[in-house]
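Source file my_file19.cif; content: mmCIF, C-alpha atoms.
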data_work
#
loop_
_atom_site.label_atom_id
_atom_site.label_comp_id
_atom_site.auth_asym_id
_atom_site.auth_seq_id
_atom_site.Cartn_x
_atom_site.Cartn_y
_atom_site.Cartn_z
CA MET A 1 117.53 94.11 119.80
CA LEU A 2 115.23 96.78 121.15
CA PRO A 3 115.95 98.07 124.68
CA GLU A 4 113.47 96.39 127.03
CA GLU A 5 113.49 99.36 129.39
CA LYS A 6 112.19 101.67 126.64
CA LEU A 7 109.47 99.18 125.67
CA ASN A 8 108.40 98.90 129.32
CA MET A 9 108.14 102.70 129.57
CA ILE A 10 105.88 102.84 126.49
CA LEU A 11 103.58 100.13 127.83
CA ALA A 12 103.49 101.77 131.27
CA ARG A 13 102.49 105.12 129.74
CA PHE A 14 99.78 103.42 127.68
CA ASP A 15 98.37 101.74 130.82
CA GLU A 16 98.50 105.07 132.66
CA LEU A 17 96.49 106.78 129.90
CA GLU A 18 93.98 103.93 129.82
CA ALA A 19 93.47 104.15 133.59
CA ALA A 20 93.11 107.95 133.55
CA MET A 21 90.59 107.89 130.70
CA SER A 22 88.49 105.18 132.35
CA GLY A 23 88.19 107.29 135.52
CA GLU A 24 90.32 105.04 137.73
CA MET A 25 92.54 108.02 138.64
CA GLY A 26 89.70 110.48 139.32
CA ASP A 27 88.05 113.08 137.11
CA VAL A 28 90.02 114.44 134.18
CA ALA A 29 89.51 117.95 132.77
CA SER A 30 87.93 117.97 129.30
CA ASP A 31 91.01 119.57 127.65
CA ASP A 32 93.29 117.01 129.28
CA PHE A 33 90.94 114.21 128.24
CA VAL A 34 91.17 115.31 124.58
CA LYS A 35 94.99 115.37 124.74
CA MET A 36 95.07 111.97 126.43
CA SER A 37 92.68 110.50 123.86
CA ARG A 38 94.89 111.71 121.05
CA GLU A 39 98.07 110.33 122.67
CA TYR A 40 96.31 107.04 123.45
CA SER A 41 95.16 106.72 119.84
CA GLU A 42 98.66 107.49 118.53
CA MET A 43 100.20 104.88 120.85
CA LYS A 44 97.83 102.04 119.95
CA GLY A 45 99.82 100.96 116.89
CA VAL A 46 103.21 100.74 118.59
CA VAL A 47 101.74 99.04 121.69
CA THR A 48 100.17 96.34 119.49
CA SER A 49 103.52 95.87 117.71
CA ILE A 50 105.37 95.58 121.05
CA GLN A 51 102.87 93.00 122.35
CA GLU A 52 103.18 90.94 119.16
CA TYR A 53 106.98 91.27 119.24
CA ARG A 54 107.22 90.03 122.83
CA LYS A 55 104.75 87.19 122.20
CA ALA A 56 106.75 86.06 119.15
CA ARG A 57 110.02 86.12 121.10
CA GLU A 58 108.47 84.18 123.95
CA GLU A 59 107.07 81.54 121.58
CA LEU A 60 110.44 81.30 119.86
CA SER A 61 112.21 80.74 123.16
CA ASP A 62 109.71 78.04 124.21
CA LEU A 63 110.00 76.21 120.87
CA GLU A 64 113.81 76.29 120.94
CA GLU A 65 113.72 74.85 124.44
CA MET A 66 111.35 72.08 123.25
CA LEU A 67 113.63 71.31 120.32
CA SER A 68 116.68 70.95 122.57
CA GLY A 69 114.95 68.13 124.51
CA ASP A 70 114.62 64.45 123.60
CA GLU A 71 110.82 64.07 123.94
CA LEU A 72 109.88 65.10 120.35
CA ASP A 73 109.39 62.46 117.65
CA ALA A 74 110.68 63.05 114.12
CA GLU A 75 107.39 64.53 112.81
CA MET A 76 106.95 66.94 115.73
CA LYS A 77 110.58 67.93 115.49
CA GLU A 78 110.14 68.87 111.84
CA LEU A 79 107.00 70.91 112.59
CA THR A 80 108.76 72.69 115.47
CA GLU A 81 111.74 73.55 113.26
CA LEU A 82 109.37 75.06 110.67
CA GLU A 83 107.65 77.18 113.34
CA ILE A 84 111.04 78.35 114.64
CA GLU A 85 112.13 79.44 111.16
CA GLU A 86 108.87 81.33 110.67
CA LEU A 87 109.23 83.14 114.01
CA LYS A 88 112.90 83.93 113.35
CA SER A 89 111.90 85.78 110.20
CA ARG A 90 108.92 87.47 111.89
CA VAL A 91 110.71 88.86 114.95
CA PRO A 92 113.02 91.22 112.94
CA ASP A 93 110.00 92.45 110.94
CA LEU A 94 108.13 93.29 114.16
CA GLU A 95 111.24 94.95 115.58
CA HIS A 96 111.55 97.08 112.44
CA GLN A 97 107.86 98.05 112.67
CA ILE A 98 108.34 99.21 116.26
CA LYS A 99 111.28 101.39 115.18
CA ILE A 100 109.13 102.90 112.42
CA ASP A 101 106.29 103.53 114.90
CA LEU A 102 108.72 105.30 117.24
CA LEU A 103 110.08 107.70 114.61
CA PRO A 104 109.39 111.36 115.49
CA LYS A 105 106.01 112.35 114.10
CA ASP A 106 105.45 115.29 111.77
CA ASP A 107 103.03 117.53 113.66
CA ALA A 108 101.24 118.32 110.39
CA ASP A 109 100.66 114.69 109.31
CA GLU A 110 97.14 114.49 110.71
CA LYS A 111 96.04 117.77 109.17
CA ASN A 112 93.89 118.34 106.14
CA ALA A 113 95.71 119.59 103.04
CA ILE A 114 95.40 122.42 100.56
CA LEU A 115 96.51 121.49 97.05
CA GLU A 116 97.63 124.25 94.71
CA LEU A 117 97.99 123.22 91.07
CA ARG A 118 99.36 125.51 88.36
CA ALA A 119 100.03 125.02 84.67
CA GLY A 120 103.75 125.40 83.93
CA THR A 121 105.71 125.41 80.70
CA GLY A 122 103.82 124.11 77.68
CA GLY A 123 100.92 126.50 77.08
CA ASP A 124 97.53 124.87 76.46
CA GLU A 125 98.96 121.37 76.88
CA ALA A 126 100.33 122.28 80.33
CA ALA A 127 96.88 123.57 81.34
CA LEU A 128 95.26 120.33 80.13
CA PHE A 129 97.80 118.30 82.11
CA ALA A 130 97.20 120.39 85.23
CA GLY A 131 93.51 119.53 84.84
CA ASP A 132 94.41 115.83 84.52
CA LEU A 133 96.43 116.02 87.75
CA MET A 134 93.58 117.75 89.56
CA ARG A 135 91.19 114.95 88.57
CA MET A 136 93.80 112.33 89.55
CA TYR A 137 93.98 113.73 93.08
CA GLN A 138 90.20 114.08 93.31
CA ARG A 139 89.74 110.41 92.34
CA TYR A 140 92.47 109.33 94.75
CA ALA A 141 90.84 111.32 97.53
CA GLU A 142 87.48 109.73 96.76
CA GLY A 143 89.05 106.27 97.01
CA MET A 144 90.54 107.20 100.38
CA GLY A 145 87.18 108.36 101.68
CA TRP A 146 88.28 112.01 101.79
CA LYS A 147 86.32 115.06 100.67
CA CYS A 148 87.48 117.69 98.16
CA GLU A 149 86.37 121.31 98.07
CA THR A 150 87.40 123.54 95.18
CA MET A 151 88.41 126.83 96.77
CA SER A 152 89.37 128.59 93.55
CA LEU A 153 89.61 127.60 89.90
CA SER A 154 90.93 129.42 86.85
CA GLU A 155 90.18 127.48 83.66
CA SER A 156 91.90 127.74 80.29
CA ASP A 157 90.05 128.34 77.04
CA ILE A 158 90.23 124.68 75.92
CA GLY A 159 89.15 122.95 79.13
CA GLY A 160 92.37 122.78 81.12
CA ILE A 161 93.22 124.76 84.24
CA LYS A 162 95.61 127.64 84.68
CA GLU A 163 95.40 127.40 88.46
CA ALA A 164 93.33 125.52 91.05
CA VAL A 165 93.25 125.47 94.85
CA ILE A 166 91.55 122.47 96.44
CA LYS A 167 91.02 121.66 100.10
CA VAL A 168 91.17 117.94 100.93
CA THR A 169 89.71 116.88 104.27
CA GLY A 170 89.86 113.50 105.95
CA ARG A 171 92.05 111.27 108.07
CA ASN A 172 95.84 111.82 107.83
CA VAL A 173 95.50 113.64 104.50
CA PHE A 174 98.74 115.65 104.68
CA SER A 175 100.83 112.60 105.67
CA LYS A 176 99.80 110.94 102.40
CA LEU A 177 99.99 113.92 100.06
CA LYS A 178 102.98 115.89 101.37
CA PHE A 179 105.50 114.34 98.97
CA GLU A 180 103.44 115.40 95.93
CA SER A 181 104.87 118.95 96.00
CA GLY A 182 107.06 119.77 93.03
CA VAL A 183 107.11 119.83 89.24
CA HIS A 184 105.16 117.08 87.47
CA ARG A 185 106.24 116.58 83.85
CA VAL A 186 104.18 115.02 81.06
CA GLN A 187 105.39 113.57 77.77
CA ARG A 188 102.64 112.94 75.21
CA VAL A 189 101.23 113.97 71.83
CA PRO A 190 98.96 116.99 72.49
CA GLU A 191 95.41 116.95 71.14
CA THR A 192 96.27 120.09 69.18
CA GLU A 193 99.34 118.46 67.54
CA THR A 194 98.63 117.32 63.97
CA GLY A 195 102.11 115.94 63.24
CA GLY A 196 102.04 113.32 66.00
CA ARG A 197 105.10 114.73 67.77
CA ILE A 198 105.61 114.14 71.48
CA HIS A 199 105.71 117.32 73.54
CA THR A 200 106.98 117.83 77.07
CA SER A 201 104.93 120.05 79.37
CA ALA A 202 104.79 120.59 83.10
CA ALA A 203 102.51 121.50 85.98
CA THR A 204 103.40 122.54 89.50
CA VAL A 205 101.84 121.06 92.62
CA ALA A 206 102.16 122.52 96.12
CA VAL A 207 100.71 120.67 99.10
CA LEU A 208 100.16 122.73 102.24
CA PRO A 209 98.94 121.48 105.61
CA GLU A 210 95.72 123.31 106.45
CA ALA A 211 96.61 125.65 109.30
CA GLU A 212 94.10 126.55 111.98
CA GLU A 213 94.04 129.83 113.87
CA ILE A 214 95.79 128.11 116.77
CA ASP A 215 98.71 127.22 114.44
CA VAL A 216 99.22 130.68 112.93
CA HIS A 217 98.14 133.98 114.43
CA ILE A 218 97.71 136.73 111.84
CA ASP A 219 97.52 140.24 113.21
CA GLU A 220 95.08 142.51 111.37
CA LYS A 221 97.72 145.24 111.14
CA ASP A 222 99.97 142.83 109.21
CA ILE A 223 97.55 142.38 106.32
CA ARG A 224 96.19 144.60 103.55
CA VAL A 225 92.78 143.65 102.17
CA ASP A 226 91.79 144.84 98.70
CA ILE A 227 88.22 144.41 97.45
CA PHE A 228 87.45 144.40 93.72
CA ARG A 229 84.99 143.09 91.15
CA ALA A 230 85.56 139.45 90.17
CA SER A 231 86.10 138.58 86.53
CA GLY A 232 86.39 135.38 84.55
CA PRO A 233 88.48 134.41 81.50
CA GLY A 234 88.68 137.17 78.90
CA GLY A 235 87.22 139.75 81.25
CA GLN A 236 83.82 138.04 81.45
CA SER A 237 82.06 139.06 84.64
CA VAL A 238 81.71 136.35 87.29
CA ASN A 239 79.35 138.43 89.40
CA THR A 240 78.27 142.03 89.47
CA THR A 241 79.33 143.00 92.99
CA ASP A 242 82.68 143.98 94.44
CA SER A 243 83.14 140.64 96.21
CA ALA A 244 86.58 139.45 95.14
CA VAL A 245 89.23 139.68 97.86
CA ARG A 246 92.99 140.03 97.68
CA ILE A 247 94.92 139.75 100.96
CA THR A 248 98.58 140.73 101.23
CA HIS A 249 100.54 139.57 104.27
CA LEU A 250 102.94 142.49 104.71
CA PRO A 251 105.71 140.76 106.78
CA THR A 252 106.17 137.94 104.25
CA GLY A 253 104.80 139.46 101.02
CA ILE A 254 102.50 136.45 100.52
CA VAL A 255 99.47 137.38 98.42
CA VAL A 256 96.23 135.37 98.26
CA GLN A 257 93.30 136.16 95.99
CA GLN A 258 89.81 134.65 96.18
CA GLN A 259 86.83 135.40 93.93
CA ASP A 260 84.84 132.19 93.45
CA GLU A 261 82.16 133.00 96.02
CA LYS A 262 79.54 135.73 95.48
CA SER A 263 79.91 136.75 99.12
CA GLN A 264 82.81 139.03 100.04
CA HIS A 265 82.76 137.52 103.56
CA LYS A 266 83.11 133.97 102.23
CA ASN A 267 85.88 134.98 99.84
CA LYS A 268 87.80 136.62 102.68
CA ALA A 269 87.37 133.55 104.92
CA LYS A 270 88.70 131.26 102.19
CA ALA A 271 91.59 133.62 101.44
CA MET A 272 92.53 133.77 105.13
CA SER A 273 92.48 129.97 105.29
CA VAL A 274 94.90 129.69 102.36
CA LEU A 275 97.06 132.53 103.75
CA ARG A 276 97.38 130.81 107.13
CA SER A 277 98.37 127.58 105.41
CA ARG A 278 100.99 129.28 103.24
CA ILE A 279 102.53 131.06 106.24
CA TYR A 280 102.47 127.83 108.26
CA GLU A 281 104.14 125.90 105.43
CA ALA A 282 106.77 128.64 104.95
CA GLU A 283 107.68 128.33 108.63
CA ARG A 284 107.82 124.52 108.33
CA ALA A 285 109.97 124.79 105.19
CA ALA A 286 112.45 127.09 106.97
CA LYS A 287 112.82 124.58 109.81
CA ALA A 288 113.11 121.70 107.34
CA ALA A 289 115.86 123.56 105.47
CA GLU A 290 117.84 123.84 108.69
CA ARG A 291 117.45 120.12 109.35
CA SER A 292 118.18 119.11 105.75
CA ALA A 293 121.56 120.84 105.91
CA GLU A 294 122.51 118.04 108.29
CA ARG A 295 120.74 115.29 106.36
CA LYS A 296 122.55 113.24 103.74
CA GLY A 297 119.44 112.42 101.74
CA GLN A 298 115.84 113.47 101.38
CA VAL A 299 112.91 111.98 99.53
CA GLY A 300 111.81 115.49 98.65
CA SER A 301 112.26 118.96 100.01
CA GLY A 302 108.75 120.03 99.03
CA ASP A 303 110.31 122.71 96.85
CA ARG A 304 107.83 123.37 94.06
CA SER A 305 110.70 123.98 91.61
CA GLU A 306 112.00 120.42 92.04
CA ARG A 307 111.16 118.04 89.19
CA ILE A 308 109.76 115.00 90.95
CA ARG A 309 107.82 112.87 88.47
CA THR A 310 107.38 112.17 84.76
CA TYR A 311 104.20 110.83 83.17
CA ASN A 312 105.11 109.28 79.81
CA PHE A 313 101.92 108.51 77.86
CA PRO A 314 103.43 106.80 74.75
CA GLN A 315 105.17 104.25 77.00
CA GLY A 316 102.37 104.10 79.59
CA ARG A 317 104.78 104.69 82.47
CA VAL A 318 105.14 106.89 85.51
CA THR A 319 108.59 107.55 86.97
CA ASP A 320 109.26 109.15 90.33
CA HIS A 321 112.80 110.50 90.05
CA ARG A 322 113.43 110.85 93.80
CA ILE A 323 113.29 107.11 94.47
CA ASN A 324 113.87 105.79 90.91
CA LEU A 325 110.46 104.10 90.90
CA THR A 326 108.87 103.30 87.54
CA LEU A 327 105.38 101.85 87.14
CA TYR A 328 103.97 100.76 83.79
CA LYS A 329 100.40 101.49 84.82
CA LEU A 330 99.93 105.11 83.84
CA ASP A 331 96.17 104.75 83.25
CA LYS A 332 95.61 103.41 86.77
CA VAL A 333 97.78 106.13 88.30
CA MET A 334 95.90 108.88 86.46
CA ALA A 335 92.62 107.26 87.56
CA GLY A 336 93.81 107.58 91.16
CA GLU A 337 93.76 103.79 91.59
CA ALA A 338 97.52 103.08 91.59
CA LEU A 339 98.70 106.43 92.97
CA ASN A 340 98.91 104.80 96.40
CA GLU A 341 101.75 102.57 95.14
CA VAL A 342 103.85 105.65 94.43
CA ILE A 343 102.83 107.44 97.64
CA ASP A 344 103.46 104.40 99.87
CA ALA A 345 106.90 103.89 98.30
CA LEU A 346 107.79 107.54 99.00
CA ILE A 347 106.64 107.25 102.63
CA ALA A 348 108.62 104.00 103.09
CA GLU A 349 111.76 105.61 101.64
CA ASP A 350 111.42 108.63 103.91
CA GLN A 351 111.00 106.36 106.94
CA ALA A 352 114.05 104.30 105.94
CA GLU A 353 116.16 107.46 105.57
CA ARG A 354 115.12 108.83 108.96
CA LEU A 355 115.66 105.45 110.63
CA ALA A 356 119.14 105.20 109.11
CA GLU A 357 120.02 108.66 110.46
CA ILE A 358 118.91 107.74 113.97
CA GLU A 359 120.84 104.44 113.89
CA GLU A 360 123.96 106.23 112.63
CA ALA A 361 123.70 108.75 115.45
CA VAL A 362 123.44 106.04 118.15
#

What would the structure in this file look like if it were written as structure tokens?
Amino acid sequence: MLPEEKLNMILARFDELEAAMSGEMGDVASDDFVKMSREYSEMKGVVTSIQEYRKAREELSDLEEMLSGDELDAEMKELTELEIEELKSRVPDLEHQIKIDLLPKDDADEKNAILELRAGTGGDEAALFAGDLMRMYQRYAEGMGWKCETMSLSESDIGGIKEAVIKVTGRNVFSKLKFESGVHRVQRVPETETGGRIHTSAATVAVLPEAEEIDVHIDEKDIRVDIFRASGPGGQSVNTTDSAVRITHLPTGIVVQQQDEKSQHKNKAKAMSVLRSRIYEAERAAKAAERSAERKGQVGSGDRSERIRTYNFPQGRVTDHRINLTLYKLDKVMAGEALNEVIDALIAEDQAERLAEIEEAV
């Protein structure tokens, strides 16, 4: 059973925020109001769960008291017993939901995300698959009401992609996409294969939380900016001015290149955005590595060298190796329609692991 004292503290804090925001406690500074609004919004879910949990327990207690008396006829007694059984199964579910709501939040969950896709082993087929993955995420994002902006794109000669960087903006984007980092493997007969043999190729996905200037400060003396003329596949000129930008972050050795825009200023702004996100994610990964040394299990480390999923076209299945989940609806996953089933299962597994760790520690 959940500690009542802790639940009371949560409800008291929620009431305090509500009173402060409504002006009952005097004027609130604009910065403080923004922080309070965010905290209030984050607490709404758990407060609703607590209220439903307490209401269900109260109703259960009242019904059990009614059942223990002699005033109920046979029909009412049967109905009461059914209600009691229903509430007995609902109370643990509500209790579990409260525990999930109270898990420590990932500070990056509410951020936008930058997706980096790269063709891996498999030549042209790997590039085609990387293009398929890019479209899968774009369709999924569209279904979620998010927006996608292609920050850079390097296409292969036959219509695939060698590399793509896409910014996805919307509500809680990173929380949904963060477990997509890793190696995605495809098994299918390539369009260029005349013998009908199944080939295995791979593409790499990295998902970075979009970092703002407040998250990562980059000192000008720590970067080297190189300007050069942009070029397309096979040396074909993209534009005729020296507008492409390459930024090297000297302390970490991270290099970002941007050439899609005709404006040098825009290319530099985009490159800085990606650089900030890569530095931010590197810092997060270092902290996660420290924590994972103490963890018995992880859904995924976010390591882009980890093989996380296989897309088998002949069998029409998708398998996520981290949670042993197999779906025989490959077409719907690639269309972005059923990707949520995989993502939600990964989130649920991560929550279960973290909850188990907390309960073990208590």

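Put simply, CA of His265 in chain A is 12.6 Å away from CA of Ile247 in chain A.
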
*By how many Å are CA of Glu64 in chain A and CA of Lys77 in chain A apart?*
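According to the coordinates, CA of Glu64 in chain A and CA of Lys77 in chain A are separated by 10.5 Å.
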
_Using the chain letters and numbers from this file, what does the PyMOL selection byres ((chain A and resi 83) around 12) select? Give the answer as a PyMOL selection string._
chain A and resi 56+59-64+66-67+76-82+84-90

*Return as an NGL selection string the set of residues that the PyMOL selection byres ((chain A and resi 114) around 12) yields on the displayed structure.*
:A and (111-113 or 115-117 or 137 or 147-152 or 164-170 or 173-174 or 177-178 or 180-181 or 205-211 or 270-271 or 273-278 or 280-281)

*What does the distance from CA of Met9 in chain A to CA of Asn172 in chain A come to in Å, to one decimal?*
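About the pair CA of Met9 in chain A and CA of Asn172 in chain A: they are 26.6 Å apart.
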
*Could you list the residues chosen by the PyMOL selection byres ((chain A and resi 318-332) around 9) in this structure as a VMD selection string?*
chain A and resid 298 to 300 307 to 313 315 to 317 333 to 339 341 to 342 345 to 346 349

*Measuring atom to atom with only C-alpha atoms, identify which of A:Ile214, A:Ala288, A:Ala127, A:Leu2 is nearest to Val91 in chain A.*
A:Leu2

Box centre and edge lengths (Å, one decimal), axis-aligned, range 252-257 of chain A plus 5 Å each side, as JSON:
{"center_x": 99.7, "center_y": 137.4, "center_z": 100.1, "size_x": 22.9, "size_y": 14.1, "size_z": 18.3}

*Tell me, as a PyMOL selection string, which residues lie within 10 Å of Glu95 in chain A, counting all atoms listed in the file; anything in the same chain fewer than 3 positions away does not count.*
chain A and resi 1-2+49-50+52-54+90-92+98-101

*A:Gly131, A:Gly69, A:Gly45, A:Gly196 ranked by distance to Gly160 in chain A, top pick (using all atoms listed in the file)*: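 Of the candidates, the smallest distance to Gly160 in chain A is held by A:Gly131.
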
_Spatial neighbours of Ser37 in chain A, 12 Å, all atoms listed in the file, chain gap at least 6 places, as a PyMOL selection string_ = chain A and resi 14+16-22+28+30-31+43-44

*So, counting all atoms listed in the file, which residue among A:Glu125, A:Asp107, A:Asp73, A:Glu142 is closest to Ala202 in chain A?*
A:Glu125

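The residue that comes closest to His199 in chain A, out of A:Ile279, A:Leu153, A:Val225, A:Ala126 and on the basis of only C-alpha atoms, is A:Ala126.
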